[in-house]
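**Q** Structure file structure-v7.cif (mmCIF, C-alpha atoms) is given on the next line.
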```
data_data
loop_
_atom_site.label_atom_id
_atom_site.label_comp_id
_atom_site.auth_asym_id
_atom_site.auth_seq_id
_atom_site.Cartn_x
_atom_site.Cartn_y
_atom_site.Cartn_z
CA LEU J 1 9.60 20.94 -14.52
CA LYS J 2 10.62 17.54 -13.19
CA ALA J 3 8.87 14.65 -11.48
CA VAL J 4 10.05 12.31 -8.73
CA ILE J 5 8.28 8.98 -8.21
CA LEU J 6 8.96 7.32 -4.83
CA ILE J 7 9.01 3.56 -5.39
CA GLY J 8 10.19 2.30 -1.96
CA GLY J 9 12.17 -0.92 -1.73
CA PRO J 10 12.12 -4.65 -1.06
CA GLN J 11 11.40 -4.27 2.68
CA LYS J 12 8.27 -2.36 1.73
CA GLY J 13 5.28 -3.91 -0.01
CA THR J 14 5.10 -6.77 2.51
CA ARG J 15 1.30 -6.71 2.34
CA PHE J 16 1.70 -7.31 -1.36
CA ARG J 17 3.34 -10.70 -0.93
CA PRO J 18 3.57 -13.29 -2.45
CA LEU J 19 3.35 -11.18 -5.63
CA SER J 20 6.21 -8.86 -4.67
CA PHE J 21 8.59 -11.85 -4.37
CA GLU J 22 8.82 -12.10 -8.17
CA VAL J 23 8.79 -8.50 -9.32
CA PRO J 24 9.34 -5.16 -7.53
CA LYS J 25 5.89 -3.93 -6.50
CA PRO J 26 6.05 -0.77 -8.72
CA LEU J 27 6.41 -3.05 -11.78
CA PHE J 28 3.37 -5.17 -10.90
CA PRO J 29 0.93 -4.92 -13.84
CA VAL J 30 -2.27 -3.02 -13.07
CA ALA J 31 -4.73 -2.82 -15.98
CA GLY J 32 -2.12 -4.35 -18.26
CA VAL J 33 0.83 -2.02 -17.64
CA PRO J 34 3.30 -1.74 -14.72
CA MET J 35 1.81 0.21 -11.81
CA VAL J 36 4.39 3.00 -12.07
CA GLN J 37 3.84 3.42 -15.83
CA HIS J 38 0.49 5.12 -15.08
CA HIS J 39 2.47 7.74 -13.11
CA ILE J 40 5.02 8.16 -15.90
CA GLU J 41 2.28 8.56 -18.53
CA ALA J 42 0.66 11.30 -16.46
CA CYS J 43 3.99 13.11 -15.92
CA ALA J 44 5.01 12.85 -19.58
CA LYS J 45 1.75 14.57 -20.62
CA VAL J 46 2.57 17.75 -18.65
CA PRO J 47 4.00 20.40 -21.00
CA GLY J 48 7.58 21.37 -20.09
CA MET J 49 8.35 18.09 -18.24
CA LYS J 50 12.13 17.68 -18.65
CA GLU J 51 12.98 14.58 -16.60
CA ILE J 52 11.36 11.87 -14.48
CA LEU J 53 13.33 10.40 -11.56
CA LEU J 54 12.41 7.14 -9.85
CA MET J 55 13.73 7.00 -6.32
CA GLY J 56 13.91 4.01 -4.00
CA PHE J 57 16.24 1.47 -2.44
CA TYR J 58 15.78 -1.50 -4.75
CA GLN J 59 19.12 -2.90 -5.88
CA PRO J 60 19.73 -2.21 -9.59
CA HIS J 61 17.41 -4.80 -11.01
CA GLU J 62 17.26 -6.29 -14.48
CA ALA J 63 13.48 -5.89 -14.72
CA LEU J 64 13.69 -2.28 -13.51
CA SER J 65 16.45 -1.38 -16.00
CA ARG J 66 14.53 -2.98 -18.89
CA PHE J 67 11.40 -1.10 -17.91
CA LEU J 68 13.25 2.25 -17.76
CA VAL J 69 14.81 1.75 -21.19
CA SER J 70 11.49 0.89 -22.82
CA ALA J 71 9.66 3.73 -21.02
CA GLN J 72 12.25 6.27 -22.20
CA GLN J 73 11.80 5.12 -25.78
CA GLU J 74 8.02 5.19 -25.52
CA PHE J 75 7.63 8.57 -23.81
CA LYS J 76 10.68 10.34 -25.34
CA ILE J 77 11.70 11.77 -21.98
CA PRO J 78 14.76 11.07 -19.78
CA ILE J 79 13.83 8.64 -16.98
CA ARG J 80 16.45 7.71 -14.38
CA TYR J 81 16.55 5.59 -11.25
CA LEU J 82 18.26 7.03 -8.17
CA GLN J 83 19.06 4.38 -5.58
CA GLU J 84 19.03 5.38 -1.91
CA TYR J 85 21.67 3.69 0.26
CA ALA J 86 18.95 2.88 2.82
CA ALA J 87 15.28 3.58 3.41
CA LEU J 88 15.30 7.35 3.99
CA GLY J 89 11.58 8.02 4.28
CA THR J 90 9.44 10.09 1.90
CA GLY J 91 11.41 13.29 2.53
CA GLY J 92 14.90 11.90 3.18
CA GLY J 93 15.32 10.55 -0.34
CA ILE J 94 14.47 13.76 -2.13
CA TYR J 95 16.69 15.71 0.28
CA HIS J 96 19.58 13.30 -0.29
CA PHE J 97 19.26 13.68 -4.09
CA ARG J 98 18.35 17.39 -4.08
CA ASP J 99 21.25 18.30 -6.40
CA GLN J 100 20.03 15.79 -8.99
CA ILE J 101 16.47 17.11 -8.75
CA LEU J 102 17.54 20.76 -9.08
CA SER J 103 20.15 20.18 -11.80
CA GLY J 104 19.29 22.03 -14.98
CA GLY J 105 17.49 24.72 -12.98
CA ALA J 106 14.20 22.98 -12.15
CA GLU J 107 11.67 25.64 -11.12
CA ALA J 108 9.19 23.15 -9.70
CA PHE J 109 8.86 19.40 -9.35
CA PHE J 110 6.15 16.86 -8.64
CA VAL J 111 6.59 14.11 -6.05
CA LEU J 112 4.33 11.06 -6.46
CA ASN J 113 4.05 7.96 -4.30
CA ALA J 114 4.18 4.85 -6.49
CA ASP J 115 1.55 2.93 -4.51
CA VAL J 116 -1.42 5.12 -5.39
CA CYS J 117 -3.66 4.97 -8.43
CA SER J 118 -5.25 8.15 -9.66
CA GLU J 119 -6.10 10.30 -12.65
CA PHE J 120 -3.09 12.40 -11.54
CA PRO J 121 -4.44 15.91 -12.32
CA LEU J 122 -0.90 17.33 -12.52
CA GLN J 123 -1.66 20.11 -15.02
CA GLU J 124 -4.59 21.22 -12.85
CA MET J 125 -2.28 21.36 -9.80
CA LEU J 126 0.10 23.65 -11.71
CA GLU J 127 -2.75 25.96 -12.76
CA PHE J 128 -4.15 25.93 -9.23
CA ARG J 129 -0.77 27.00 -7.84
CA GLN J 130 -0.58 29.89 -10.30
CA ARG J 131 -4.05 31.06 -9.23
CA HIS J 132 -3.45 30.64 -5.50
CA GLY J 133 -0.24 30.97 -3.57
CA ASP J 134 2.88 32.77 -4.64
CA ALA J 135 5.69 31.28 -6.69
CA HIS J 136 7.11 29.56 -3.61
CA SER J 137 4.02 27.80 -2.34
CA PHE J 138 3.56 24.03 -2.28
CA VAL J 139 0.48 22.03 -3.28
CA ILE J 140 -0.83 18.71 -1.90
CA LEU J 141 -3.36 16.72 -3.91
CA GLY J 142 -6.31 15.96 -1.64
CA THR J 143 -9.54 14.02 -1.95
CA THR J 144 -12.60 13.42 0.21
CA ALA J 145 -12.91 10.28 2.36
CA ASN J 146 -15.67 9.26 4.72
CA ARG J 147 -15.32 10.12 8.40
CA THR J 148 -14.27 6.70 9.68
CA GLN J 149 -11.78 5.94 6.93
CA ALA J 150 -10.17 9.38 7.03
CA LEU J 151 -8.38 8.27 10.21
CA ASN J 152 -6.21 5.90 8.14
CA TYR J 153 -4.69 8.73 6.09
CA GLY J 154 -3.05 12.11 6.47
CA CYS J 155 -5.88 14.57 7.22
CA ILE J 156 -5.89 18.14 5.95
CA VAL J 157 -7.81 21.10 7.41
CA ALA J 158 -7.89 23.92 4.84
CA ASN J 159 -9.34 27.40 4.58
CA ALA J 160 -12.55 27.05 2.55
CA ASP J 161 -11.88 30.20 0.48
CA THR J 162 -8.16 30.06 -0.22
CA GLN J 163 -7.55 26.27 0.20
CA GLU J 164 -4.54 27.12 2.35
CA VAL J 165 -3.63 24.19 4.63
CA GLN J 166 -4.08 25.30 8.24
CA HIS J 167 -3.58 22.01 10.00
CA TYR J 168 -2.12 18.62 8.98
CA VAL J 169 -2.27 15.40 11.00
CA GLU J 170 -0.99 12.00 9.80
CA LYS J 171 -3.37 9.15 10.77
CA PRO J 172 -5.09 11.00 13.65
CA SER J 173 -6.68 9.05 16.49
CA THR J 174 -9.89 11.11 16.38
CA PHE J 175 -11.73 12.77 13.50
CA VAL J 176 -9.94 15.85 12.12
CA SER J 177 -11.09 16.32 8.53
CA GLU J 178 -12.62 14.47 5.58
CA ILE J 179 -9.96 15.80 3.20
CA ILE J 180 -7.09 13.31 2.93
CA ASN J 181 -3.61 13.45 1.45
CA CYS J 182 -3.35 11.60 -1.89
CA GLY J 183 0.44 11.25 -1.86
CA VAL J 184 0.93 13.56 -4.88
CA TYR J 185 2.71 16.90 -4.32
CA LEU J 186 3.93 19.91 -6.27
CA PHE J 187 7.04 21.51 -4.74
CA THR J 188 9.45 24.29 -5.57
CA PRO J 189 13.16 24.21 -4.64
CA ALA J 190 12.20 26.16 -1.48
CA ILE J 191 10.95 22.88 0.06
CA PHE J 192 14.56 21.79 0.61
CA GLN J 193 15.05 24.60 3.10
CA HIS J 194 12.19 23.18 5.20
CA ILE J 195 13.41 19.59 4.87
CA GLY J 196 16.92 20.84 5.74
CA GLU J 197 15.61 22.35 8.99
CA VAL J 198 14.19 18.94 9.95
CA PHE J 199 17.54 17.35 9.08
CA GLN J 200 19.43 19.84 11.29
CA ARG J 201 16.98 19.30 14.13
CA ASN J 202 17.33 15.51 13.83
CA GLN J 203 21.11 15.85 13.99
CA GLN J 204 20.98 18.03 17.08
CA GLU J 205 18.67 15.54 18.78
CA LEU J 206 21.12 12.75 17.91
CA VAL J 207 23.98 14.71 19.49
CA LEU J 208 21.92 15.04 22.66
CA GLU J 209 21.19 11.30 22.72
CA GLU J 210 24.80 10.24 22.90
CA ASN J 211 23.99 6.63 23.56
CA SER J 212 22.04 6.29 20.30
CA ASN J 213 23.67 3.88 17.91
CA GLY J 214 22.06 5.00 14.62
CA TRP J 215 24.09 7.42 12.54
CA GLN J 216 21.41 7.04 9.96
CA ARG J 217 18.49 8.41 11.80
CA ALA J 218 19.06 12.07 10.98
CA GLU J 219 18.61 11.34 7.28
CA VAL J 220 15.29 9.56 7.71
CA ILE J 221 12.75 12.31 7.09
CA ARG J 222 9.03 11.83 6.55
CA LEU J 223 7.37 14.51 4.47
CA GLU J 224 4.01 13.96 6.09
CA GLN J 225 4.83 13.96 9.82
CA ASP J 226 8.03 16.04 9.81
CA VAL J 227 7.46 18.65 7.08
CA PHE J 228 3.75 19.15 6.39
CA THR J 229 2.79 19.31 10.06
CA ALA J 230 5.28 22.17 10.51
CA LEU J 231 4.33 23.95 7.24
CA ALA J 232 0.57 23.92 7.92
CA GLY J 233 -0.69 27.38 8.84
CA SER J 234 2.40 29.14 7.48
CA GLY J 235 0.71 30.32 4.28
CA LYS J 236 3.01 28.19 2.13
CA LEU J 237 1.02 24.97 1.78
CA TYR J 238 -2.19 24.59 -0.24
CA VAL J 239 -4.45 21.67 -1.05
CA TYR J 240 -5.92 20.99 -4.50
CA LYS J 241 -9.01 18.81 -4.11
CA THR J 242 -9.73 16.34 -6.89
CA ASP J 243 -13.06 14.69 -7.69
CA GLY J 244 -11.30 12.14 -9.89
CA PHE J 245 -10.73 8.56 -8.82
CA TRP J 246 -8.03 7.78 -6.30
CA SER J 247 -7.02 4.70 -4.30
CA GLN J 248 -4.03 3.31 -2.45
CA ILE J 249 -2.49 0.06 -3.69
CA LYS J 250 -1.28 -1.50 -0.47
CA SER J 251 -2.54 -5.07 -0.62
CA ALA J 252 -2.94 -7.42 -3.56
CA GLY J 253 -6.74 -7.04 -3.25
CA SER J 254 -6.46 -3.32 -3.87
CA ALA J 255 -4.61 -4.05 -7.15
CA ILE J 256 -7.79 -5.56 -8.61
CA TYR J 257 -9.76 -2.48 -7.52
CA ALA J 258 -7.09 -0.15 -8.98
CA SER J 259 -7.17 -2.19 -12.18
CA ARG J 260 -10.92 -1.51 -12.42
CA LEU J 261 -10.42 2.24 -11.95
CA TYR J 262 -7.74 2.40 -14.66
CA LEU J 263 -9.71 0.19 -17.09
CA ASN J 264 -12.68 2.56 -16.68
CA GLN J 265 -10.42 5.47 -17.54
CA TYR J 266 -9.05 3.73 -20.66
CA SER J 267 -12.29 4.37 -22.59
CA LYS J 268 -11.21 8.04 -22.57
CA SER J 269 -7.41 7.83 -22.35
CA HIS J 270 -6.39 4.57 -24.12
CA PRO J 271 -9.36 3.05 -25.97
CA GLU J 272 -6.90 0.88 -27.95
CA ARG J 273 -6.07 -1.02 -24.75
CA LEU J 274 -9.64 -2.25 -24.25
CA ALA J 275 -10.65 -5.56 -25.86
CA GLN J 276 -13.66 -5.52 -28.21
CA ASN J 277 -16.10 -8.27 -29.14
CA LYS J 278 -15.01 -9.62 -32.54
CA PRO J 279 -16.30 -12.52 -34.64
CA GLY J 280 -14.35 -15.63 -33.61
CA GLY J 281 -12.99 -13.89 -30.51
CA PRO J 282 -13.90 -14.42 -26.85
CA ILE J 283 -17.03 -12.85 -25.36
CA ILE J 284 -16.08 -9.58 -23.67
CA ARG J 285 -18.25 -8.04 -20.94
CA GLY J 286 -17.33 -4.60 -19.66
CA ASN J 287 -13.73 -3.39 -19.56
CA VAL J 288 -11.10 -6.03 -20.36
CA TYR J 289 -7.41 -5.71 -21.24
CA ILE J 290 -5.88 -8.56 -23.26
CA HIS J 291 -2.19 -8.65 -24.18
CA PRO J 292 -1.77 -9.17 -27.96
CA THR J 293 0.22 -12.39 -27.37
CA ALA J 294 -2.49 -14.11 -25.30
CA ALA J 295 -4.32 -17.07 -26.89
CA ILE J 296 -7.99 -17.11 -25.91
CA ASP J 297 -10.64 -19.58 -27.02
CA SER J 298 -13.69 -18.06 -28.70
CA THR J 299 -16.05 -19.67 -26.16
CA ALA J 300 -14.37 -18.01 -23.14
CA VAL J 301 -16.26 -15.21 -21.35
CA LEU J 302 -14.10 -12.43 -19.87
CA GLY J 303 -15.01 -9.40 -17.80
CA PRO J 304 -15.85 -7.08 -16.33
CA ASN J 305 -12.52 -5.85 -14.91
CA VAL J 306 -10.17 -8.50 -16.27
CA SER J 307 -6.58 -8.03 -17.32
CA ILE J 308 -4.85 -10.83 -19.24
CA GLY J 309 -1.04 -10.76 -19.45
CA GLU J 310 1.53 -11.76 -22.02
CA GLY J 311 1.45 -15.30 -23.42
CA VAL J 312 -1.56 -16.41 -21.35
CA THR J 313 -3.65 -19.29 -22.72
CA VAL J 314 -7.36 -19.50 -21.93
CA GLY J 315 -9.24 -22.66 -22.90
CA ALA J 316 -12.80 -23.35 -24.02
CA GLY J 317 -15.72 -22.32 -21.81
CA VAL J 318 -13.54 -20.47 -19.29
CA ARG J 319 -15.18 -17.72 -17.20
CA VAL J 320 -12.97 -14.94 -15.77
CA ARG J 321 -14.31 -11.97 -13.82
CA GLU J 322 -12.70 -9.25 -11.63
CA SER J 323 -9.27 -10.85 -11.95
CA ILE J 324 -5.68 -10.28 -13.07
CA VAL J 325 -4.05 -13.15 -14.96
CA LEU J 326 -0.27 -12.66 -15.16
CA HIS J 327 2.01 -13.63 -18.02
CA GLY J 328 2.48 -17.24 -19.01
CA ALA J 329 -0.48 -18.53 -16.97
CA SER J 330 -2.73 -21.14 -18.48
CA LEU J 331 -6.43 -21.66 -17.69
CA HIS J 332 -7.63 -25.05 -18.95
CA ASP J 333 -11.10 -25.69 -20.35
CA HIS J 334 -14.15 -24.72 -18.29
CA THR J 335 -12.26 -23.21 -15.36
CA CYS J 336 -13.93 -20.42 -13.41
CA VAL J 337 -11.75 -17.61 -12.00
CA LEU J 338 -13.41 -14.88 -9.89
CA ASN J 339 -11.78 -12.12 -7.77
CA THR J 340 -8.37 -13.73 -8.13
CA ILE J 341 -4.83 -12.85 -9.09
CA VAL J 342 -3.32 -15.76 -11.03
CA GLY J 343 0.49 -15.68 -10.74
CA TRP J 344 3.07 -15.94 -13.50
CA ASP J 345 3.26 -19.34 -15.26
CA SER J 346 0.55 -20.84 -13.05
CA THR J 347 -1.78 -23.54 -14.36
CA ILE J 348 -5.43 -24.10 -13.43
CA GLY J 349 -6.81 -27.55 -14.39
CA ARG J 350 -10.10 -28.30 -16.18
CA TRP J 351 -13.37 -27.59 -14.38
CA ALA J 352 -11.52 -26.09 -11.39
CA ARG J 353 -12.96 -23.07 -9.62
CA VAL J 354 -10.70 -20.42 -8.08
CA GLU J 355 -12.56 -17.70 -6.24
CA GLY J 356 -11.95 -14.91 -3.75
CA THR J 357 -14.05 -12.36 -1.88
CA PRO J 358 -13.71 -8.80 -3.19
CA SER J 359 -12.51 -6.18 -0.71
CA ASP J 360 -14.05 -3.27 -2.58
CA PRO J 361 -15.12 -0.02 -0.93
CA ASN J 362 -18.81 0.40 -0.08
CA PRO J 363 -20.48 1.08 -3.47
CA ASN J 364 -23.24 3.16 -1.82
CA ASP J 365 -20.79 5.66 -0.33
CA PRO J 366 -19.24 7.95 -2.96
CA TYR J 367 -16.37 8.82 -0.60
CA ALA J 368 -15.56 5.29 0.58
CA LYS J 369 -11.97 4.14 0.14
CA ILE J 370 -10.63 0.61 0.06
CA ASP J 371 -9.76 -0.77 3.52
CA SER J 372 -6.29 -2.24 3.68
CA GLU J 373 -7.44 -5.25 5.66
CA THR J 374 -5.09 -7.11 7.93
CA LEU J 375 -4.46 -10.68 6.84
CA PHE J 376 -5.99 -12.19 9.99
CA ARG J 377 -8.92 -11.19 12.16
CA ASP J 378 -9.78 -13.04 15.39
CA GLY J 379 -7.15 -15.63 14.51
CA ARG J 380 -8.82 -16.48 11.21
CA LEU J 381 -7.81 -15.50 7.68
CA THR J 382 -9.89 -12.52 6.56
CA PRO J 383 -11.90 -13.51 3.46
CA SER J 384 -10.27 -11.63 0.61
CA ILE J 385 -9.25 -12.14 -2.98
CA THR J 386 -7.48 -15.40 -3.82
CA ILE J 387 -3.83 -15.07 -4.82
CA LEU J 388 -1.83 -17.73 -6.63
CA GLY J 389 1.92 -17.07 -6.53
CA CYS J 390 4.10 -17.85 -9.54
CA SER J 391 4.24 -21.40 -11.00
CA VAL J 392 1.34 -22.75 -8.94
CA THR J 393 -0.44 -25.82 -10.32
CA ILE J 394 -4.11 -26.36 -9.47
CA PRO J 395 -5.45 -29.84 -10.37
CA ALA J 396 -8.65 -30.46 -12.33
CA GLU J 397 -12.04 -30.24 -10.61
CA VAL J 398 -10.95 -28.67 -7.31
CA VAL J 399 -12.20 -25.51 -5.59
CA ILE J 400 -9.81 -22.94 -4.12
CA LEU J 401 -11.65 -20.32 -2.07
CA ASN J 402 -10.30 -17.20 -0.28
CA SER J 403 -6.79 -18.63 -0.15
CA ILE J 404 -3.24 -17.44 -0.70
CA VAL J 405 -0.97 -19.97 -2.39
CA LEU J 406 2.76 -19.33 -2.18
CA PRO J 407 4.93 -19.78 -5.30
CA HIS J 408 5.94 -23.17 -6.80
CA LYS J 409 3.18 -25.23 -5.19
CA GLU J 410 1.42 -28.21 -6.72
CA LEU J 411 -1.92 -28.62 -4.99
CA SER J 412 -3.64 -31.97 -4.80
CA ARG J 413 -7.05 -31.07 -3.34
CA SER J 414 -9.50 -28.23 -2.59
CA TYR J 415 -8.71 -25.50 -0.05
CA LYS J 416 -10.76 -22.82 1.68
CA ASN J 417 -9.63 -19.84 3.81
CA GLN J 418 -6.01 -20.93 4.02
CA ILE J 419 -2.51 -19.69 3.37
CA ILE J 420 -0.85 -22.61 1.59
CA LEU J 421 2.87 -22.55 2.33
#
```
Using structure tokens, write down the structure that the file contains.
**A**
Amino acid sequence: LKAVILIGGPQKGTRFRPLSFEVPKPLFPVAGVPMVQHHIEACAKVPGMKEILLMGFYQPHEALSRFLVSAQQEFKIPIRYLQEYAALGTGGGIYHFRDQILSGGAEAFFVLNADVCSEFPLQEMLEFRQRHGDAHSFVILGTTANRTQALNYGCIVANADTQEVQHYVEKPSTFVSEIINCGVYLFTPAIFQHIGEVFQRNQQELVLEENSNGWQRAEVIRLEQDVFTALAGSGKLYVYKTDGFWSQIKSAGSAIYASRLYLNQYSKSHPERLAQNKPGGPIIRGNVYIHPTAAIDSTAVLGPNVSIGEGVTVGAGVRVRESIVLHGASLHDHTCVLNTIVGWDSTIGRWARVEGTPSDPNPNDPYAKIDSETLFRDGRLTPSITILGCSVTIPAEVVILNSIVLPHKELSRSYKNQIIL
């Protein structure tokens, strides 16, 4: 068994700015650990997992290399990064590196998108495949969305008895199905034959369009539109529906929501990562992650859904809720931080208030997903969480509301509903 995690590249993750300026999006900490580490932990738990491959088109990056070395030591499993020469799409990358994936005689492999958060029921997908299809069938992880939001995802129509996928449409314009694609797949080597057919077809089309200038286009293959749509109804593709949590992490606001989902899971999976109320320690409400190197005053109140990074200092009487505070940030006495991501090495002055508007899914709808809101609506900034880029300084006694502050800014006054360049 192997696993491939698709991490994209610097042109992707634009909705994640300004946070993705400092660190590749897959290394952004969610619930205290890099986003992609949750994927690696899930893969490393599967018995018989021999190797984990990260695939994307980031340049070899110091932070990425450091992360891979430490993850290999922690999980005792080979983890390698394969760099694409260009953005090849979700299917093009795995086709380009098919020899690497199949080396050592891999009988099956998982493919996971890095920008989703989930319980990753990988073992269950394996067992489901053994019960259903033959040895050469493929499995998509699916979940239920509500009717309006399903249109934003890949929609799957499956046979109710066998769970065989009969029809697949990526982001349909009208309602097709409430079952959506979670971006987690279980493939066998036979998938490369199907991706290869798309590749051949792309090449033939390029030959016909003689005036086309892109030699690259034949290699760009999208699993969803090019492969699944063709495989649906062929008896080879099945969907495993999960009732566990699942969300996309497209925008910075969805990182706070994903952080909440993972922190909730920690009580079962990693109780040691959750902060406890201790004499002389800060007051903890709900699920909170605190890095061991953070210095927090005993009168601070943290939680629910707070993640405090490395070397953060939190002063007296500080209130933090539904927020991610990244390493090296410092919150001076009596600051209030709600629904905010505080960037690396940022400073918030005394009695300042930094607040955003949560973009959570509808709590009354069990199948609601997070909307990846556009930044502007009707020419105005959509109220969303507040983001401070790295090394932002907020003066004492100001209010920052629903704003995005780009890195290395020193503010002098209060702001509301603005992008501060």
**Q** Hey, which of J:Ile156, J:Val405, J:Leu122, J:Ala252 ends up closest to Val46 in chain J? Count all atoms listed in the file.
**A**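 The closest residue to Val46 in chain J is J:Leu122.
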**Q** Please list as a PyMOL selection string every residue within 10 Å of range 290-305 of chain J, counting only C-alpha atoms and excluding residues in the same chain fewer than 5 positions away.
**A** chain J and resi 31-33+256-264+273-276+278-285+310-325+327-331+333-339
**Q** Name the residues that the PyMOL selection byres ((chain J and resi 119) around 10) pulls out of this structure, and write them as a PyMOL selection string.
**A** chain J and resi 38-39+42+117-118+120-122+242-246+261-262+265
**Q** Could you tell me how far CA of Lys76 in chain J sits from CA of Glu107 in chain J, in Å to one decimal place?
**A**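 About the pair CA of Glu107 in chain J and CA of Lys76 in chain J: they are 20.9 Å apart.
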**Q** Rank J:Gln248, J:Thr393, J:Gln73, J:Ser346 by their smallest atom-to-atom distance to Ala114 in chain J, using all atoms listed in the file, and report the top residue only.
**A** J:Gln248
**Q** Can you pull out every residue within 12 Å of Ser20 in chain J, counting all atoms listed in the file, but drop anything in the same chain fewer than 4 positions away, and send it as a ChimeraX atom specification?
**A** /J:9-16,24-29,250-252,343-344,387,389-390,406-407
**Q** Residue by residue, what does the PyMOL selection byres ((chain J and resi 375) around 12) grab here? Present the result as a ChimeraX atom specification.
**A** /J:14-17,251-253,359,371-374,376-385,402-404,417-419
**Q** Please compute the CA of Tyr58 in chain J-CA of Ile101 in chain J distance, one decimal, in Å.
**A** 19.0 Å
**Q** For a quick check of understanding, using all atoms listed in the file, which of J:Val227, J:Ala232, J:Ile191, J:Leu54 has the smallest distance to Leu102 in chain J?
**A**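 Nearest to Leu102 in chain J: J:Ile191.
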**Q** Given the choices J:Asp115, J:Gln203, J:Ser137, J:Gln225, which gets closest to Gly154 in chain J if the distance is worked out from all atoms listed in the file?
**A** J:Gln225
**Q** Need the axis-aligned box for range 194-208 of chain J with 8 Å each side, so what are the centre and edges in Å to one decimal, as JSON?
**A**
```
{"center_x": 18.1, "center_y": 18.0, "center_z": 13.8, "size_x": 27.8, "size_y": 26.4, "size_z": 33.8}
```
**Q** Name the residues that the PyMOL selection byres ((chain J and resi 369) around 12) picks from the file above, as a PyMOL selection string, using the file's chain letters and numbers.
**A** chain J and resi 116-117+143-153+178+180+182+245-249+254+257-258+359-368+370-373
**Q** Could you please determine the separation between CA of Glu164 in chain J and CA of Gly235 in chain J in Å, to one decimal place?
**A**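 Interatomic distance, CA of Glu164 in chain J to CA of Gly235 in chain J: 6.4 Å.
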**Q** My list of candidates is J:Val139, J:Gly286, J:Val157, J:Lys50. Which is closest to Glu124 in chain J when distances are computed with only C-alpha atoms?
**A**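 Between J:Val139, J:Gly286, J:Val157, J:Lys50, the residue approaching Glu124 in chain J most closely is J:Val139.
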**Q** So that I can see what lies close to Leu411 in chain J, please list as a PyMOL selection string the residues with an atom at most 10 Å from it, counting all atoms listed in the file and leaving out residues fewer than 2 positions away in the same chain.
**A** chain J and resi 392-395+398+400+405+408-409+413-415+420
**Q** For a quick check of understanding, using only C-alpha atoms, which of J:Ala255, J:Met125, J:Val207, J:Val342 has the smallest distance to Val30 in chain J?
**A**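 That would be J:Ala255, the residue with the smallest distance to Val30 in chain J.
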**Q** Please return, as an MDAnalysis selection string, all polymer residues that have at least one atom within 9 Å of the point (12.8, 11.3, 3.1); use only C-alpha atoms and the file's own coordinate frame.
**A** chainID J and resid 87:96 195 219:223
**Q** What's the 7 Å shell around Ile52 in chain J, counting only C-alpha atoms, without same-chain residues fewer than 6 positions away, as a short mmCIF file (atom, residue, chain, number, x, y, z; two decimals) with C-alpha atoms, in the frame of the given file?
**A**
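Result file result36.cif:
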```cif
data_model
loop_
_atom_site.label_atom_id
_atom_site.label_comp_id
_atom_site.auth_asym_id
_atom_site.auth_seq_id
_atom_site.Cartn_x
_atom_site.Cartn_y
_atom_site.Cartn_z
CA LYS J 2 10.62 17.54 -13.19
CA ALA J 3 8.87 14.65 -11.48
CA VAL J 4 10.05 12.31 -8.73
CA PRO J 78 14.76 11.07 -19.78
CA ILE J 79 13.83 8.64 -16.98
CA ARG J 80 16.45 7.71 -14.38
#
```
